[in-house]
Amino acid sequence: MEQKKSLKITGMTCANCVRIVEKALSKVDGVKFAAVNLATNTAFVVLEKDIPYEILQKAVESVGYGVSNEPIEAIEEKRLKRIKKNTLVSLAITIPLMVLMLLHMSGKQIPFFKEIELISSAVVIFYAGRETIRGAAIALLHKHSNMNTLIFFGAVTAWLTNVISYFGLSIHPFGTIGAMIVSLHLVGRYIESSLRDKASKQVKELLSLQSKEARIITDKGELLVPIEIVKEGQLVLVKPGERIPVDGIIIEGYSSVDESMITGESIPIEKEINDEVVGGSLNLTGALKIKVTRAGEDTFLSKMISLVQEAQGAKVPIQQLADRITNYFVPTIISLALLSAFLWYFNFDFLSNLTHTIRMMLPWSLHEVDKLSFSIFVFLTTVVIACPCALGLATPMALIVGTSLAAKKGLLIRNAEAIQTVRNVGYVLFDKTGTITYGKPRVVVQNLPVDESKKVKKIIQLSTHPLSKAIAEHLNTADTSYTTDVPETIEEFEEIHGKGLRAKIGAAEYFIGKPKDVTNYEEYTSKGMSIVEVRRNDIIMGFFALEDTVREDSKRAIEELKSHGIIPVMVTGDNEKTAAHVAKIVGIEEIYANVKPEEKMDIVRKYQALGKKVVMVGDGINDAAALKAADIGIAIGSGSDLAIDSADIIITKGGISKVSDVISISKATFNAIKTNLLFAFLYNVVAIPLAMMGLLHPAIAEGAMAMSSITVILNSMSIRKKFKSEN
């Protein structure tokens with residue numbers, strides 16, 4: 001049986017790091033699939049067999065990266081503090097050093113400037129930038145490269161010019177530029193980390209809902225224990241104002257419960273005995289005694305967090321091109337930097353004359369320097385300007401924002417590929433029962449006298465049939481007089497399969513079930529209603545008309561899909577009359593009724609053959625095959641486990657109006673991914689040739705590189721605003 005595990009990875013800085021960790025994990029025997037997310041610093045693996053955590057950790061460490069057991073938010077908080085401290089140290093030294101450099105260049109004599117520049121830049125590069133140097137060293141020792149490698153080569157080369165100049169060789173010193181490279185790199189990393197932290201806010205909010213303790217009820221009284229030891233079947237007490245720590249059923253108490261952070265439903269829900277509660281929701285008004293049905297990793301909240309993180313760690317097909325490029329990015333950039341340096345050194349006069357006019361217009365370009373100094377200047381700029389980081393963040397940052405937004409709206413995107421697929425959707429196929437409707441029959445008409453209703457209620461409570469339950473519920477709530485006890489006892493109770501109930505009360509024999517003549521009820525059956533007739537001693541006393549109520553948002557959902565040019569289709573196993581009635585209410589023209597489960601899959605393929613992507617929305621076991629066959633399967637979260645496991649997207653709260661939401665979110669997310677990748681590609685295509693021509697300055701290059709990553713993150717965060725504006 002397949003297993004899934006997540007690891008918290010430390011030390012990654014760019015897309016190359018992601019590739020290396022993924023490759024290391026994929027090589028472990030028994031790992032079927034590995035995906036690493038740069039934006040969240042997590043790895044997700046699918047295992048064909050049980051693999052100890054230590055083996056996976058060893059695989060990651062073998063390529064120079066780390067695995068932490070700390071919560072991801074704690075790791076990120078420490079990382080952000082470290083970067084902030086190093087950034088402040090570097091700026092405190094670099095800014096005065098830049099001022100001294102400018103004064104020195106303007107002709108003012110600064111005593112011991114060579115020594116000041118040599119020592120100060122060394123402190124910035126090798127102390128404030130020590131994590132960058134360490135990351136580059138680890139990568140080189142393990143025979144690969146990453147973003148740190150480029151900063152290392154740029155900053156250390158700049159500092160070495162100071163060393164060479166100090167010992168008498170005629171070369172322009174670039175020590176201050178080396179300090180500027182590291183400082184700007186750290187500033188960029190700090191801003192980037194802060195924005196990434198903000199972008200993943202929704203997932204952190206979900207994580208914060210997980211209780212660390214629960215108050216269990218024992219023979220010796222209440223006991224506060226770690227949530228890890230709470231088991232199914234135990235009793236938990238939740239006081240007003242506390243978060244519910246587990247999934248369970250209320251056995252005592254009444255309260256209002258706020259489930260907004262989990263389901264997106266803003267209005268508190270009244271909960272009483274026998275109602276289900278979800279871990280992570282907030283108990284507002286009264287104490288509740290809850291019997292645990294799911295705890296720990298089995299709770300709805302834990303599964304929700306796991307699915308969101310799984311989707312965020314996945315890759316969409318469009319990312320494959322970026323991955324192929326980043327595989328060779330750093331070695332290629334270093335090669336181009338060396339090539340441009342050699343070309344300038346051996347063709348300095350020719351290239352200088354060729355670019356002289358443009359360079360004279362640029363205040364940061366070097367004008368009166370020797371060919372060795374200018375060659376090093378070009379090498380530094382080319383190395384620093386390159387940015388695989390933006391390419392690495394382009395997809396995961398958009399996925400973080402998109403999937404987190406979806407989770408807040410009551411949608412779990414399990415398969416990230418759905419985000420790219422959804423833009424070409426032409427047809428949405430809906431199951432009826434439990435999808436367009438609630439899947440629960442409700443009495444809409446009844447004409448029994450009160451005295452007879454009392455007796456029917458007493459009989460029907462003995463049955464577990466869905467129609468019996470619906471009638472009993474109706475009689476319980478419709479009129480308090482129905483609760484009066486019937487003095488006679490029930491005798492000879494019998495449930496006749498496919499027909500109804502038979503029982504005796506006193507001298508009267510009752511039958512509750514199929515009508516003698518269904519044509520008497522065409523007014524109701526023509527609307528798809530079910531009729532339950534009540535007969536006493538074979539004389540009709542009255543009837544109940546029941547229907548599966550259409551969800552409140554179904555009609556609006558169909559209208560929204562049509563407005564997007566998407567054709568809705570109903571595919572149901574129910575009879576034609578009922579299907580046609582429901583379809584008319586919600587506005588669906590294309591209907592398939594009396595459909596068997598295997599036929600649903602054939603209908604999916606029929607629409608796929610028309611050349612557009614097909615979405616299947618369902619909730620039952622009979623929908624599982626069609627959900628798998630569709631380009632995108634969407635399951636109603638209240639449905640069967642098989643349907644949920646077969647789906648790409650799960651609706652955790654609400655009805656089919658969420659289908660329109662997921663299409664809007666997916667389109668906004670995919671558009672952000674495209675824009676991010678396009679910007680990252682264009683940035684490098686334009687910037688690298690300019691650097692090779694000597695038309696940029698290393699400090700400007702480093703600032704531009706940092707801005708490219710920041711722009712990608714800001715564009716990803718704009719998904720929320722775009723979604724709000726569309727709705």
# chains A, B, ... in the order shown; residues from 1 in each chain; ligands from 1
$ select_by_dssp --residues "stretch 436-639 of chain A" --states "strand (DSSP E or B)" --output "JSON, numbers by chain"
{"A": [437, 438, 439, 440, 441, 442, 443, 444, 445, 446, 490, 491, 492, 493, 494, 495, 496, 500, 501, 502, 503, 504, 505, 508, 509, 510, 511, 512, 513, 530, 531, 532, 533, 534, 535, 536, 539, 540, 541, 542, 543, 544, 545, 546, 547, 548, 549, 550, 567, 568, 569, 570, 571, 590, 591, 592, 613, 614, 615, 616, 617, 618, 632, 633, 634, 635, 636]}
$ residues_around --residues "A:Phe430" --least-positions-apart "6" --cutoff "9 Å" --atoms "only C-alpha atoms" --output "PDB file with N, CA, C and O atoms, in the first residue's frame"
ATOM      1  N   ILE A 436     -26.263  17.965  -6.955  1.00  0.00           N
ATOM      2  CA  ILE A 436     -27.169  19.088  -7.231  1.00  0.00           C
ATOM      3  C   ILE A 436     -28.192  19.193  -6.096  1.00  0.00           C
ATOM      4  O   ILE A 436     -28.597  20.282  -5.698  1.00  0.00           O
ATOM      5  N   PRO A 568     -23.369  22.714 -18.823  1.00  0.00           N
ATOM      6  CA  PRO A 568     -23.636  21.779 -17.725  1.00  0.00           C
ATOM      7  C   PRO A 568     -24.461  20.585 -18.217  1.00  0.00           C
ATOM      8  O   PRO A 568     -25.356  20.738 -19.062  1.00  0.00           O
ATOM      9  N   VAL A 569     -24.165  19.423 -17.694  1.00  0.00           N
ATOM     10  CA  VAL A 569     -24.858  18.193 -18.088  1.00  0.00           C
ATOM     11  C   VAL A 569     -25.193  17.411 -16.821  1.00  0.00           C
ATOM     12  O   VAL A 569     -24.358  17.293 -15.922  1.00  0.00           O
ATOM     13  N   MET A 570     -26.421  16.857 -16.740  1.00  0.00           N
ATOM     14  CA  MET A 570     -26.783  16.002 -15.608  1.00  0.00           C
ATOM     15  C   MET A 570     -26.640  14.544 -16.007  1.00  0.00           C
ATOM     16  O   MET A 570     -27.143  14.126 -17.056  1.00  0.00           O
ATOM     17  N   VAL A 571     -25.944  13.784 -15.171  1.00  0.00           N
ATOM     18  CA  VAL A 571     -25.762  12.350 -15.403  1.00  0.00           C
ATOM     19  C   VAL A 571     -26.157  11.639 -14.118  1.00  0.00           C
ATOM     20  O   VAL A 571     -25.427  11.686 -13.121  1.00  0.00           O
ATOM     21  N   THR A 572     -27.336  10.978 -14.104  1.00  0.00           N
ATOM     22  CA  THR A 572     -27.858  10.412 -12.866  1.00  0.00           C
ATOM     23  C   THR A 572     -28.430   9.014 -13.068  1.00  0.00           C
ATOM     24  O   THR A 572     -28.893   8.668 -14.161  1.00  0.00           O
ATOM     25  N   VAL A 615     -15.164  18.113 -16.742  1.00  0.00           N
ATOM     26  CA  VAL A 615     -15.178  18.037 -15.278  1.00  0.00           C
ATOM     27  C   VAL A 615     -16.339  17.145 -14.865  1.00  0.00           C
ATOM     28  O   VAL A 615     -17.441  17.268 -15.399  1.00  0.00           O
ATOM     29  N   MET A 616     -16.084  16.228 -13.928  1.00  0.00           N
ATOM     30  CA  MET A 616     -17.150  15.398 -13.370  1.00  0.00           C
ATOM     31  C   MET A 616     -17.310  15.763 -11.904  1.00  0.00           C
ATOM     32  O   MET A 616     -16.324  15.824 -11.157  1.00  0.00           O
ATOM     33  N   VAL A 617     -18.557  16.028 -11.481  1.00  0.00           N
ATOM     34  CA  VAL A 617     -18.838  16.379 -10.092  1.00  0.00           C
ATOM     35  C   VAL A 617     -19.782  15.334  -9.508  1.00  0.00           C
ATOM     36  O   VAL A 617     -20.864  15.099 -10.060  1.00  0.00           O
ATOM     37  N   GLY A 618     -19.359  14.679  -8.420  1.00  0.00           N
ATOM     38  CA  GLY A 618     -20.192  13.641  -7.816  1.00  0.00           C
ATOM     39  C   GLY A 618     -19.860  13.431  -6.356  1.00  0.00           C
ATOM     40  O   GLY A 618     -18.941  14.048  -5.807  1.00  0.00           O
ATOM     41  N   ILE A 656     -22.535  23.042  -5.336  1.00  0.00           N
ATOM     42  CA  ILE A 656     -21.837  23.059  -6.626  1.00  0.00           C
ATOM     43  C   ILE A 656     -21.469  24.466  -7.097  1.00  0.00           C
ATOM     44  O   ILE A 656     -20.797  24.615  -8.115  1.00  0.00           O
TER      45      ILE A 656
END
$ residues_around --residues "A:Gln608" --least-positions-apart "5" --cutoff "12 Å" --atoms "only C-alpha atoms" --output "list of chain:residue names"
A:Asn424, A:Val425, A:Gly426, A:Tyr427, A:Val428, A:Leu429, A:Met601, A:Asp602, A:Ile603, A:Lys613, A:Val614, A:Val615, A:Met616, A:Ala626, A:Ala629, A:Ala630, A:Asp631, A:Ile632
$ write_last_selection --atoms "N, CA, C and O atoms" --output "PDB file, in the first residue's frame"
ATOM      1  N   ASN A 424      -9.299  24.957 -20.015  1.00  0.00           N
ATOM      2  CA  ASN A 424      -9.880  24.460 -21.270  1.00  0.00           C
ATOM      3  C   ASN A 424     -11.164  23.665 -21.059  1.00  0.00           C
ATOM      4  O   ASN A 424     -11.584  22.915 -21.928  1.00  0.00           O
ATOM      5  N   VAL A 425     -11.800  23.838 -19.898  1.00  0.00           N
ATOM      6  CA  VAL A 425     -13.020  23.078 -19.600  1.00  0.00           C
ATOM      7  C   VAL A 425     -14.162  23.540 -20.505  1.00  0.00           C
ATOM      8  O   VAL A 425     -14.428  24.733 -20.637  1.00  0.00           O
ATOM      9  N   GLY A 426     -14.829  22.559 -21.106  1.00  0.00           N
ATOM     10  CA  GLY A 426     -15.974  22.872 -21.957  1.00  0.00           C
ATOM     11  C   GLY A 426     -17.276  22.317 -21.415  1.00  0.00           C
ATOM     12  O   GLY A 426     -18.353  22.837 -21.695  1.00  0.00           O
ATOM     13  N   TYR A 427     -17.169  21.228 -20.622  1.00  0.00           N
ATOM     14  CA  TYR A 427     -18.361  20.558 -20.094  1.00  0.00           C
ATOM     15  C   TYR A 427     -18.164  20.218 -18.618  1.00  0.00           C
ATOM     16  O   TYR A 427     -17.090  19.783 -18.213  1.00  0.00           O
ATOM     17  N   VAL A 428     -19.226  20.430 -17.832  1.00  0.00           N
ATOM     18  CA  VAL A 428     -19.222  19.980 -16.439  1.00  0.00           C
ATOM     19  C   VAL A 428     -20.385  19.011 -16.269  1.00  0.00           C
ATOM     20  O   VAL A 428     -21.549  19.379 -16.459  1.00  0.00           O
ATOM     21  N   LEU A 429     -20.059  17.750 -15.935  1.00  0.00           N
ATOM     22  CA  LEU A 429     -21.059  16.711 -15.747  1.00  0.00           C
ATOM     23  C   LEU A 429     -21.371  16.586 -14.262  1.00  0.00           C
ATOM     24  O   LEU A 429     -20.455  16.425 -13.446  1.00  0.00           O
ATOM     25  N   MET A 601     -18.985   6.624 -16.919  1.00  0.00           N
ATOM     26  CA  MET A 601     -17.633   6.754 -17.441  1.00  0.00           C
ATOM     27  C   MET A 601     -17.657   6.868 -18.969  1.00  0.00           C
ATOM     28  O   MET A 601     -16.896   7.639 -19.555  1.00  0.00           O
ATOM     29  N   ASP A 602     -18.553   6.118 -19.614  1.00  0.00           N
ATOM     30  CA  ASP A 602     -18.672   6.189 -21.080  1.00  0.00           C
ATOM     31  C   ASP A 602     -19.148   7.573 -21.522  1.00  0.00           C
ATOM     32  O   ASP A 602     -18.699   8.092 -22.551  1.00  0.00           O
ATOM     33  N   ILE A 603     -20.052   8.155 -20.741  1.00  0.00           N
ATOM     34  CA  ILE A 603     -20.560   9.498 -21.075  1.00  0.00           C
ATOM     35  C   ILE A 603     -19.447  10.534 -20.930  1.00  0.00           C
ATOM     36  O   ILE A 603     -19.318  11.449 -21.751  1.00  0.00           O
ATOM     37  N   LYS A 613     -11.986  19.808 -22.418  1.00  0.00           N
ATOM     38  CA  LYS A 613     -11.797  19.139 -21.138  1.00  0.00           C
ATOM     39  C   LYS A 613     -13.138  18.966 -20.425  1.00  0.00           C
ATOM     40  O   LYS A 613     -14.038  19.808 -20.531  1.00  0.00           O
ATOM     41  N   VAL A 614     -13.246  17.852 -19.679  1.00  0.00           N
ATOM     42  CA  VAL A 614     -14.493  17.512 -18.996  1.00  0.00           C
ATOM     43  C   VAL A 614     -14.271  17.449 -17.488  1.00  0.00           C
ATOM     44  O   VAL A 614     -13.327  16.814 -17.013  1.00  0.00           O
ATOM     45  N   VAL A 615     -15.164  18.113 -16.742  1.00  0.00           N
ATOM     46  CA  VAL A 615     -15.178  18.037 -15.278  1.00  0.00           C
ATOM     47  C   VAL A 615     -16.339  17.145 -14.865  1.00  0.00           C
ATOM     48  O   VAL A 615     -17.441  17.268 -15.399  1.00  0.00           O
ATOM     49  N   MET A 616     -16.084  16.228 -13.928  1.00  0.00           N
ATOM     50  CA  MET A 616     -17.150  15.398 -13.370  1.00  0.00           C
ATOM     51  C   MET A 616     -17.310  15.763 -11.904  1.00  0.00           C
ATOM     52  O   MET A 616     -16.324  15.824 -11.157  1.00  0.00           O
ATOM     53  N   ALA A 626     -16.180   7.543 -12.897  1.00  0.00           N
ATOM     54  CA  ALA A 626     -16.331   8.730 -13.750  1.00  0.00           C
ATOM     55  C   ALA A 626     -15.436   9.865 -13.270  1.00  0.00           C
ATOM     56  O   ALA A 626     -14.874  10.615 -14.080  1.00  0.00           O
ATOM     57  N   ALA A 629     -12.045   9.067 -14.580  1.00  0.00           N
ATOM     58  CA  ALA A 629     -11.956   9.155 -16.039  1.00  0.00           C
ATOM     59  C   ALA A 629     -11.964  10.593 -16.542  1.00  0.00           C
ATOM     60  O   ALA A 629     -11.364  10.903 -17.576  1.00  0.00           O
ATOM     61  N   ALA A 630     -12.623  11.488 -15.805  1.00  0.00           N
ATOM     62  CA  ALA A 630     -12.726  12.887 -16.231  1.00  0.00           C
ATOM     63  C   ALA A 630     -11.367  13.571 -16.179  1.00  0.00           C
ATOM     64  O   ALA A 630     -10.458  13.141 -15.474  1.00  0.00           O
ATOM     65  N   ASP A 631     -11.232  14.654 -16.937  1.00  0.00           N
ATOM     66  CA  ASP A 631      -9.988  15.435 -16.895  1.00  0.00           C
ATOM     67  C   ASP A 631      -9.789  16.048 -15.514  1.00  0.00           C
ATOM     68  O   ASP A 631      -8.671  16.155 -15.030  1.00  0.00           O
ATOM     69  N   ILE A 632     -10.900  16.446 -14.889  1.00  0.00           N
ATOM     70  CA  ILE A 632     -10.873  16.931 -13.508  1.00  0.00           C
ATOM     71  C   ILE A 632     -12.059  16.324 -12.774  1.00  0.00           C
ATOM     72  O   ILE A 632     -13.200  16.469 -13.213  1.00  0.00           O
TER      73      ILE A 632
END
$ closest_residue --among "A:Thr435, A:Lys231, A:Asp574, A:Asp538" --to "A:Glu552" --atoms "only C-alpha atoms"
A:Thr435
$ residues_around --residues "A:Arg79" --least-positions-apart "5" --cutoff "9 Å" --atoms "only C-alpha atoms" --output "ChimeraX atom specification"
/A:74,84,193
$ write_last_selection --atoms "C-alpha atoms" --output "short mmCIF file (atom, residue, chain, number, x, y, z; two decimals), in the first residue's frame"
data_model
loop_
_atom_site.label_atom_id
_atom_site.label_comp_id
_atom_site.auth_asym_id
_atom_site.auth_seq_id
_atom_site.Cartn_x
_atom_site.Cartn_y
_atom_site.Cartn_z
CA ALA A 74 9.36 27.69 13.67
CA LYS A 84 17.48 40.02 9.31
CA SER A 193 11.32 35.58 2.88
#
$ closest_residue --among "A:Glu559, A:His497, A:Leu91, A:Ser375" --to "A:Thr157" --atoms "only C-alpha atoms"
A:Ser375
